[in-house]
Amino acid sequence: MLTEDNIKNALKAVKYPGYSRDIVSFGLVKQVAAKDGAVSVVMQLTTGHAEVAKQIKSESERVLRALPGVSRVQVEVNQPSAPSPAAAPQSPWAQQQKVPGIRRIVAVASGKGGVGKSTVSANLACGLQQLGAKVGLLDCDIYGPSIPLMMGVHERPTISAEEKMVPPSNHGVKLMSMGFLVEGDQPVIWRGPMIMKTIQQFFSAVEWGDLDLLLVDLPPGTGDAQLSLCQTVPLDGGVIVTTPQEASLGVVRKGIAMFRKVNVPILGLVENMSYFTTPAGERVEIFGHGGGQAEAARQEVAFLGEVPLFTEIREGGDRGVPVVVSAPDQPAGQAFLKIAETLRRQLA
Ligand SMILES: Nc1ncnc2c1ncn2[C@@H]1O[C@H](COP(=O)(O)OP(=O)(O)OP(=O)(O)O)[C@@H](O)[C@H]1O
Ligand SMILES: [Mg+2]
């Protein structure tokens, strides 16, 4: 049976020329229909570049003809109505829009889950706020939004007279989260277009006000949320979080490659869970140590600093008071503050 889903799935084999992403996840496929072996597909490009359209059309036709049960294929590739002949070829990022009032947007990412991205994001947001910046924190983790808990924010956004969402704030940081938009512990099945739409709303429908910096906590990996974010707003930089052993396994490279592919400058690498100091003062390098710094050197990106394992960091996260707020003078708080200072210098 030929279904729309089959056809869309098949079209995922067609990459956007020059990119590793496919045309379906770029959102180019607008209509799909199949009847008695005849398949018709309508696509809309954002570029007026004829060669790109031609390549996508012929590659899509080839893929669709190869599907069992298909006898006829019609692929219509539309381009913007009045392409100027002199226009430079546009990228899929052509729809990006700068957000008025937000000076810089920086994403915190990793190749893999559980390395402490959210912990680092929350502490850096509060740390930069303490250094005098106006900071917002956007939690784009669709699968496990943990920022509201870590920041101790329990209320939801209110709605302004202009019908925009007003982000709640705590510790001087404004906050928006996927967690505010879904009910309690309900699992959410997010499809690509929903993710894109929600992320767009985080910018178009939220009253962020004046911000020096918006930090974005991303879910692990390099999926739809990452892509949607990069397509929605121009990012001023990316921070990669890793644990020492993961760095040596090369998971970091995926995160770095993702930012590089979309021309986002990599501000640097943070090594989290670097080591643990026992109450007796003995230093234990649970996940090894120094992998982050070594990988940063190999990848020629800045090393922003290391954060040891501290019980206080985990407790602070669970309590909703990041350690930079509760104990800025203690070693754990200091570790984050040092990284915040380096980051501020880089963004100045
Ligand atoms: N340096 C640290 N010392 C002690 N505990 C830490 C440290 N960093 C993170 N943790 C704890 O490890 C757990 C995972 O951290 P966190 O949620 O920040 O990771 P994540 O990378 O955001 O995970 P996910 O990929 O699920 O989004 C949390 O309970 C957090 O409190
Ligand atoms: Mg997280």
# chains A, B, ... in the order shown; residues from 1 in each chain; ligands from 1
call {"tool": "closest_atom_pairs", "arguments": {"of": "chain A", "to": "ligand 1", "cutoff": "7 Å", "atoms": "only C-alpha atoms and all ligand atoms", "output": "JSON lines"}}
result
{"residue": "A:Lys112", "atom": "CA", "partner": "ligand 1", "partner_atom_place_in_ligand_line": "25 (O)", "distance": 6.3}
{"residue": "A:Gly113", "atom": "CA", "partner": "ligand 1", "partner_atom_place_in_ligand_line": "25 (O)", "distance": 3.0}
{"residue": "A:Gly114", "atom": "CA", "partner": "ligand 1", "partner_atom_place_in_ligand_line": "23 (O)", "distance": 3.4}
{"residue": "A:Val115", "atom": "CA", "partner": "ligand 1", "partner_atom_place_in_ligand_line": "21 (O)", "distance": 3.9}
{"residue": "A:Gly116", "atom": "CA", "partner": "ligand 1", "partner_atom_place_in_ligand_line": "19 (O)", "distance": 3.2}
{"residue": "A:Lys117", "atom": "CA", "partner": "ligand 1", "partner_atom_place_in_ligand_line": "21 (O)", "distance": 3.8}
{"residue": "A:Ser118", "atom": "CA", "partner": "ligand 1", "partner_atom_place_in_ligand_line": "22 (O)", "distance": 3.7}
{"residue": "A:Thr119", "atom": "CA", "partner": "ligand 1", "partner_atom_place_in_ligand_line": "18 (O)", "distance": 3.6}
{"residue": "A:Val120", "atom": "CA", "partner": "ligand 1", "partner_atom_place_in_ligand_line": "18 (O)", "distance": 6.4}
{"residue": "A:Asp141", "atom": "CA", "partner": "ligand 1", "partner_atom_place_in_ligand_line": "27 (O)", "distance": 6.6}
{"residue": "A:Gly144", "atom": "CA", "partner": "ligand 1", "partner_atom_place_in_ligand_line": "26 (O)", "distance": 6.3}
{"residue": "A:Ser146", "atom": "CA", "partner": "ligand 1", "partner_atom_place_in_ligand_line": "17 (O)", "distance": 6.5}
{"residue": "A:Pro219", "atom": "CA", "partner": "ligand 1", "partner_atom_place_in_ligand_line": "27 (O)", "distance": 5.3}
{"residue": "A:Pro220", "atom": "CA", "partner": "ligand 1", "partner_atom_place_in_ligand_line": "25 (O)", "distance": 4.7}
{"residue": "A:Asn272", "atom": "CA", "partner": "ligand 1", "partner_atom_place_in_ligand_line": "1 (N)", "distance": 5.4}
{"residue": "A:Met273", "atom": "CA", "partner": "ligand 1", "partner_atom_place_in_ligand_line": "1 (N)", "distance": 4.5}
{"residue": "A:Val307", "atom": "CA", "partner": "ligand 1", "partner_atom_place_in_ligand_line": "1 (N)", "distance": 5.4}
{"residue": "A:Pro308", "atom": "CA", "partner": "ligand 1", "partner_atom_place_in_ligand_line": "1 (N)", "distance": 5.0}
{"residue": "A:Leu309", "atom": "CA", "partner": "ligand 1", "partner_atom_place_in_ligand_line": "3 (N)", "distance": 3.4}
{"residue": "A:Phe310", "atom": "CA", "partner": "ligand 1", "partner_atom_place_in_ligand_line": "3 (N)", "distance": 4.2}
{"residue": "A:Thr311", "atom": "CA", "partner": "ligand 1", "partner_atom_place_in_ligand_line": "4 (C)", "distance": 5.1}
{"residue": "A:Glu312", "atom": "CA", "partner": "ligand 1", "partner_atom_place_in_ligand_line": "4 (C)", "distance": 6.8}
{"residue": "A:Ile313", "atom": "CA", "partner": "ligand 1", "partner_atom_place_in_ligand_line": "4 (C)", "distance": 4.8}
{"residue": "A:Arg314", "atom": "CA", "partner": "ligand 1", "partner_atom_place_in_ligand_line": "31 (O)", "distance": 3.3}
{"residue": "A:Glu315", "atom": "CA", "partner": "ligand 1", "partner_atom_place_in_ligand_line": "31 (O)", "distance": 6.6}
{"residue": "A:Gly317", "atom": "CA", "partner": "ligand 1", "partner_atom_place_in_ligand_line": "31 (O)", "distance": 5.0}
{"residue": "A:Asp318", "atom": "CA", "partner": "ligand 1", "partner_atom_place_in_ligand_line": "31 (O)", "distance": 6.6}
call {"tool": "write_last_selection", "arguments": {"atoms": "N, CA and C atoms", "output": "PDB file, in the first residue's frame"}}
result
ATOM      1  N   LYS A 112      25.651  13.767  23.661  1.00  0.00           N
ATOM      2  CA  LYS A 112      24.972  12.679  24.355  1.00  0.00           C
ATOM      3  C   LYS A 112      24.259  13.185  25.598  1.00  0.00           C
ATOM      4  N   GLY A 113      23.342  12.386  26.128  1.00  0.00           N
ATOM      5  CA  GLY A 113      22.551  12.814  27.268  1.00  0.00           C
ATOM      6  C   GLY A 113      23.248  12.639  28.609  1.00  0.00           C
ATOM      7  N   GLY A 114      22.737  13.365  29.594  1.00  0.00           N
ATOM      8  CA  GLY A 114      23.156  13.144  30.965  1.00  0.00           C
ATOM      9  C   GLY A 114      24.539  13.637  31.345  1.00  0.00           C
ATOM     10  N   VAL A 115      25.129  14.482  30.510  1.00  0.00           N
ATOM     11  CA  VAL A 115      26.478  14.958  30.826  1.00  0.00           C
ATOM     12  C   VAL A 115      26.462  16.241  31.656  1.00  0.00           C
ATOM     13  N   GLY A 116      25.245  16.784  31.873  1.00  0.00           N
ATOM     14  CA  GLY A 116      25.152  17.983  32.713  1.00  0.00           C
ATOM     15  C   GLY A 116      24.898  19.271  31.945  1.00  0.00           C
ATOM     16  N   LYS A 117      24.343  19.182  30.754  1.00  0.00           N
ATOM     17  CA  LYS A 117      24.026  20.397  29.970  1.00  0.00           C
ATOM     18  C   LYS A 117      23.128  21.336  30.742  1.00  0.00           C
ATOM     19  N   SER A 118      22.035  20.771  31.295  1.00  0.00           N
ATOM     20  CA  SER A 118      21.058  21.635  31.961  1.00  0.00           C
ATOM     21  C   SER A 118      21.670  22.258  33.212  1.00  0.00           C
ATOM     22  N   THR A 119      22.446  21.459  33.938  1.00  0.00           N
ATOM     23  CA  THR A 119      23.127  21.973  35.125  1.00  0.00           C
ATOM     24  C   THR A 119      24.065  23.113  34.739  1.00  0.00           C
ATOM     25  N   VAL A 120      24.822  22.908  33.677  1.00  0.00           N
ATOM     26  CA  VAL A 120      25.748  23.944  33.221  1.00  0.00           C
ATOM     27  C   VAL A 120      24.969  25.165  32.738  1.00  0.00           C
ATOM     28  N   ASP A 141      14.582  21.455  25.743  1.00  0.00           N
ATOM     29  CA  ASP A 141      14.595  19.999  25.867  1.00  0.00           C
ATOM     30  C   ASP A 141      13.165  19.479  25.856  1.00  0.00           C
ATOM     31  N   GLY A 144      12.820  15.942  28.154  1.00  0.00           N
ATOM     32  CA  GLY A 144      12.888  16.007  29.610  1.00  0.00           C
ATOM     33  C   GLY A 144      13.252  17.395  30.063  1.00  0.00           C
ATOM     34  N   SER A 146      14.137  20.016  32.235  1.00  0.00           N
ATOM     35  CA  SER A 146      14.504  19.970  33.648  1.00  0.00           C
ATOM     36  C   SER A 146      14.849  21.341  34.210  1.00  0.00           C
ATOM     37  N   PRO A 219      18.227  19.615  23.969  1.00  0.00           N
ATOM     38  CA  PRO A 219      18.215  18.190  24.311  1.00  0.00           C
ATOM     39  C   PRO A 219      19.495  17.547  23.766  1.00  0.00           C
ATOM     40  N   PRO A 220      19.810  16.342  24.250  1.00  0.00           N
ATOM     41  CA  PRO A 220      21.022  15.691  23.761  1.00  0.00           C
ATOM     42  C   PRO A 220      20.946  15.385  22.268  1.00  0.00           C
ATOM     43  N   ASN A 272      32.562  18.528  32.268  1.00  0.00           N
ATOM     44  CA  ASN A 272      31.808  18.393  33.514  1.00  0.00           C
ATOM     45  C   ASN A 272      32.124  17.038  34.144  1.00  0.00           C
ATOM     46  N   MET A 273      31.918  16.958  35.443  1.00  0.00           N
ATOM     47  CA  MET A 273      32.185  15.720  36.200  1.00  0.00           C
ATOM     48  C   MET A 273      33.649  15.312  36.058  1.00  0.00           C
ATOM     49  N   VAL A 307      34.396  21.346  35.536  1.00  0.00           N
ATOM     50  CA  VAL A 307      33.550  21.371  36.723  1.00  0.00           C
ATOM     51  C   VAL A 307      33.637  19.999  37.373  1.00  0.00           C
ATOM     52  N   PRO A 308      34.176  19.940  38.584  1.00  0.00           N
ATOM     53  CA  PRO A 308      34.268  18.642  39.266  1.00  0.00           C
ATOM     54  C   PRO A 308      32.890  18.142  39.689  1.00  0.00           C
ATOM     55  N   LEU A 309      32.840  16.900  40.111  1.00  0.00           N
ATOM     56  CA  LEU A 309      31.615  16.358  40.701  1.00  0.00           C
ATOM     57  C   LEU A 309      31.508  16.865  42.131  1.00  0.00           C
ATOM     58  N   PHE A 310      30.404  17.500  42.429  1.00  0.00           N
ATOM     59  CA  PHE A 310      30.152  17.950  43.789  1.00  0.00           C
ATOM     60  C   PHE A 310      28.723  17.576  44.143  1.00  0.00           C
ATOM     61  N   THR A 311      28.559  17.014  45.342  1.00  0.00           N
ATOM     62  CA  THR A 311      27.200  16.701  45.775  1.00  0.00           C
ATOM     63  C   THR A 311      26.335  17.962  45.772  1.00  0.00           C
ATOM     64  N   GLU A 312      26.957  19.106  46.141  1.00  0.00           N
ATOM     65  CA  GLU A 312      26.183  20.357  46.208  1.00  0.00           C
ATOM     66  C   GLU A 312      25.591  20.738  44.857  1.00  0.00           C
ATOM     67  N   ILE A 313      26.265  20.359  43.783  1.00  0.00           N
ATOM     68  CA  ILE A 313      25.757  20.729  42.454  1.00  0.00           C
ATOM     69  C   ILE A 313      24.456  19.988  42.187  1.00  0.00           C
ATOM     70  N   ARG A 314      24.468  18.698  42.475  1.00  0.00           N
ATOM     71  CA  ARG A 314      23.266  17.902  42.281  1.00  0.00           C
ATOM     72  C   ARG A 314      22.154  18.371  43.214  1.00  0.00           C
ATOM     73  N   GLU A 315      22.497  18.618  44.481  1.00  0.00           N
ATOM     74  CA  GLU A 315      21.488  19.065  45.445  1.00  0.00           C
ATOM     75  C   GLU A 315      20.891  20.401  45.036  1.00  0.00           C
ATOM     76  N   GLY A 317      20.589  21.575  42.071  1.00  0.00           N
ATOM     77  CA  GLY A 317      19.678  21.329  40.948  1.00  0.00           C
ATOM     78  C   GLY A 317      18.335  20.810  41.425  1.00  0.00           C
ATOM     79  N   ASP A 318      18.371  19.887  42.358  1.00  0.00           N
ATOM     80  CA  ASP A 318      17.124  19.301  42.854  1.00  0.00           C
ATOM     81  C   ASP A 318      16.301  20.311  43.658  1.00  0.00           C
TER      82      ASP A 318
END
call {"tool": "select_by_dssp", "arguments": {"residues": "range 39-259 of chain A", "states": "strand (DSSP E)", "output": "MDAnalysis selection string"}}
result
chainID A and resid 39:44 72:78 102:109 135:139 158:159 165:166 169:170 173:177 211:217 237:242
call {"tool": "write_last_selection", "arguments": {"atoms": "C-alpha atoms", "output": "mmCIF file, in the first residue's frame"}}
result
data_model
loop_
_atom_site.group_PDB
_atom_site.id
_atom_site.type_symbol
_atom_site.label_atom_id
_atom_site.label_comp_id
_atom_site.auth_asym_id
_atom_site.auth_seq_id
_atom_site.Cartn_x
_atom_site.Cartn_y
_atom_site.Cartn_z
ATOM 1 C CA VAL A 39 2.307 9.768 -6.785
ATOM 2 C CA SER A 40 2.331 13.518 -6.706
ATOM 3 C CA VAL A 41 4.422 15.682 -4.457
ATOM 4 C CA VAL A 42 4.589 19.449 -4.049
ATOM 5 C CA MET A 43 7.626 21.101 -2.534
ATOM 6 C CA GLN A 44 8.361 24.697 -1.702
ATOM 7 C CA ARG A 72 3.671 7.497 -12.303
ATOM 8 C CA VAL A 73 5.509 10.245 -10.468
ATOM 9 C CA GLN A 74 4.924 13.953 -10.509
ATOM 10 C CA VAL A 75 7.171 16.217 -8.480
ATOM 11 C CA GLU A 76 6.477 19.919 -8.458
ATOM 12 C CA VAL A 77 9.208 22.059 -6.966
ATOM 13 C CA ASN A 78 8.098 25.621 -6.350
ATOM 14 C CA ILE A 102 17.983 40.015 22.425
ATOM 15 C CA ARG A 103 21.613 40.891 21.839
ATOM 16 C CA ARG A 104 23.068 37.407 21.783
ATOM 17 C CA ILE A 105 21.790 33.850 21.644
ATOM 18 C CA VAL A 106 24.049 31.020 22.747
ATOM 19 C CA ALA A 107 23.120 27.332 22.714
ATOM 20 C CA VAL A 108 24.413 24.724 25.144
ATOM 21 C CA ALA A 109 24.666 21.306 23.551
ATOM 22 C CA VAL A 135 20.033 36.924 31.002
ATOM 23 C CA GLY A 136 17.255 34.670 29.760
ATOM 24 C CA LEU A 137 17.272 30.889 29.757
ATOM 25 C CA LEU A 138 15.334 28.888 27.208
ATOM 26 C CA ASP A 139 14.830 25.199 27.818
ATOM 27 C CA THR A 158 1.448 34.802 32.186
ATOM 28 C CA ILE A 159 -0.147 36.403 29.140
ATOM 29 C CA MET A 165 3.805 34.951 26.993
ATOM 30 C CA VAL A 166 5.631 36.702 29.803
ATOM 31 C CA SER A 169 11.908 34.532 36.409
ATOM 32 C CA ASN A 170 13.982 33.417 39.363
ATOM 33 C CA VAL A 173 16.995 35.038 35.100
ATOM 34 C CA LYS A 174 13.947 34.935 32.800
ATOM 35 C CA LEU A 175 12.854 31.476 31.890
ATOM 36 C CA MET A 176 10.876 29.697 29.208
ATOM 37 C CA SER A 177 10.564 25.958 28.921
ATOM 38 C CA LEU A 211 18.400 40.724 27.124
ATOM 39 C CA ASP A 212 22.155 40.781 26.792
ATOM 40 C CA LEU A 213 22.139 37.054 26.420
ATOM 41 C CA LEU A 214 19.683 34.239 25.899
ATOM 42 C CA LEU A 215 21.126 30.838 26.786
ATOM 43 C CA VAL A 216 19.417 27.862 25.198
ATOM 44 C CA ASP A 217 19.551 24.432 26.803
ATOM 45 C CA GLY A 237 27.664 30.721 19.539
ATOM 46 C CA GLY A 238 27.553 27.212 20.868
ATOM 47 C CA VAL A 239 28.943 25.744 24.071
ATOM 48 C CA ILE A 240 29.599 22.014 24.180
ATOM 49 C CA VAL A 241 29.395 20.104 27.443
ATOM 50 C CA THR A 242 31.114 16.781 27.846
#
call {"tool": "residues_around", "arguments": {"residues": "Val270 in chain A", "least_positions_apart": "4", "cutoff": "6 Å", "atoms": "only C-alpha atoms", "output": "PyMOL selection string"}}
result
chain A and resi 241+304-306
call {"tool": "atom_distance", "arguments": {"atom1": "CA of Thr47 in chain A", "atom2": "CA of Gln95 in chain A"}}
result
10.2 Å
call {"tool": "closest_residue", "arguments": {"among": "A:Gln130, A:Met1, A:Leu28, A:Lys12", "to": "Gly69 in chain A", "atoms": "only C-alpha atoms"}}
result
A:Met1
call {"tool": "select_by_dssp", "arguments": {"residues": "range 64-278 of chain A", "states": "helix (DSSP H, G or I)", "output": "NGL selection string"}}
result
:A and (64-65 or 92-95 or 117-130 or 147-150 or 178-181 or 192-204 or 224-232 or 244-249 or 251-261)
call {"tool": "closest_residue", "arguments": {"among": "A:Gly152, A:Ser110, A:Gln201, A:Thr243", "to": "Ala257 in chain A", "atoms": "only C-alpha atoms"}}
result
A:Ser110
call {"tool": "decode", "arguments": {"residues": "range 209-234 of chain A", "atoms": "C-alpha atoms", "output": "PDB file, in the first residue's frame"}}
result
ATOM      1  CA  GLY A 209      12.254  42.197  26.856  1.00  0.00           C
ATOM      2  CA  ASP A 210      15.807  43.473  26.777  1.00  0.00           C
ATOM      3  CA  LEU A 211      18.400  40.724  27.124  1.00  0.00           C
ATOM      4  CA  ASP A 212      22.155  40.781  26.792  1.00  0.00           C
ATOM      5  CA  LEU A 213      22.139  37.054  26.420  1.00  0.00           C
ATOM      6  CA  LEU A 214      19.683  34.239  25.899  1.00  0.00           C
ATOM      7  CA  LEU A 215      21.126  30.838  26.786  1.00  0.00           C
ATOM      8  CA  VAL A 216      19.417  27.862  25.198  1.00  0.00           C
ATOM      9  CA  ASP A 217      19.551  24.432  26.803  1.00  0.00           C
ATOM     10  CA  LEU A 218      19.233  21.825  24.064  1.00  0.00           C
ATOM     11  CA  PRO A 219      18.215  18.190  24.311  1.00  0.00           C
ATOM     12  CA  PRO A 220      21.022  15.691  23.761  1.00  0.00           C
ATOM     13  CA  GLY A 221      22.149  14.868  20.263  1.00  0.00           C
ATOM     14  CA  THR A 222      21.640  16.531  16.933  1.00  0.00           C
ATOM     15  CA  GLY A 223      17.943  16.168  16.133  1.00  0.00           C
ATOM     16  CA  ASP A 224      14.901  18.230  15.288  1.00  0.00           C
ATOM     17  CA  ALA A 225      15.144  20.691  18.167  1.00  0.00           C
ATOM     18  CA  GLN A 226      18.707  21.597  17.248  1.00  0.00           C
ATOM     19  CA  LEU A 227      17.857  21.982  13.598  1.00  0.00           C
ATOM     20  CA  SER A 228      14.698  23.992  14.312  1.00  0.00           C
ATOM     21  CA  LEU A 229      16.584  26.352  16.583  1.00  0.00           C
ATOM     22  CA  CYS A 230      19.293  26.947  13.988  1.00  0.00           C
ATOM     23  CA  GLN A 231      16.675  27.607  11.330  1.00  0.00           C
ATOM     24  CA  THR A 232      14.654  29.982  13.492  1.00  0.00           C
ATOM     25  CA  VAL A 233      17.254  32.370  14.881  1.00  0.00           C
ATOM     26  CA  PRO A 234      20.858  33.195  14.120  1.00  0.00           C
TER      27      PRO A 234
END
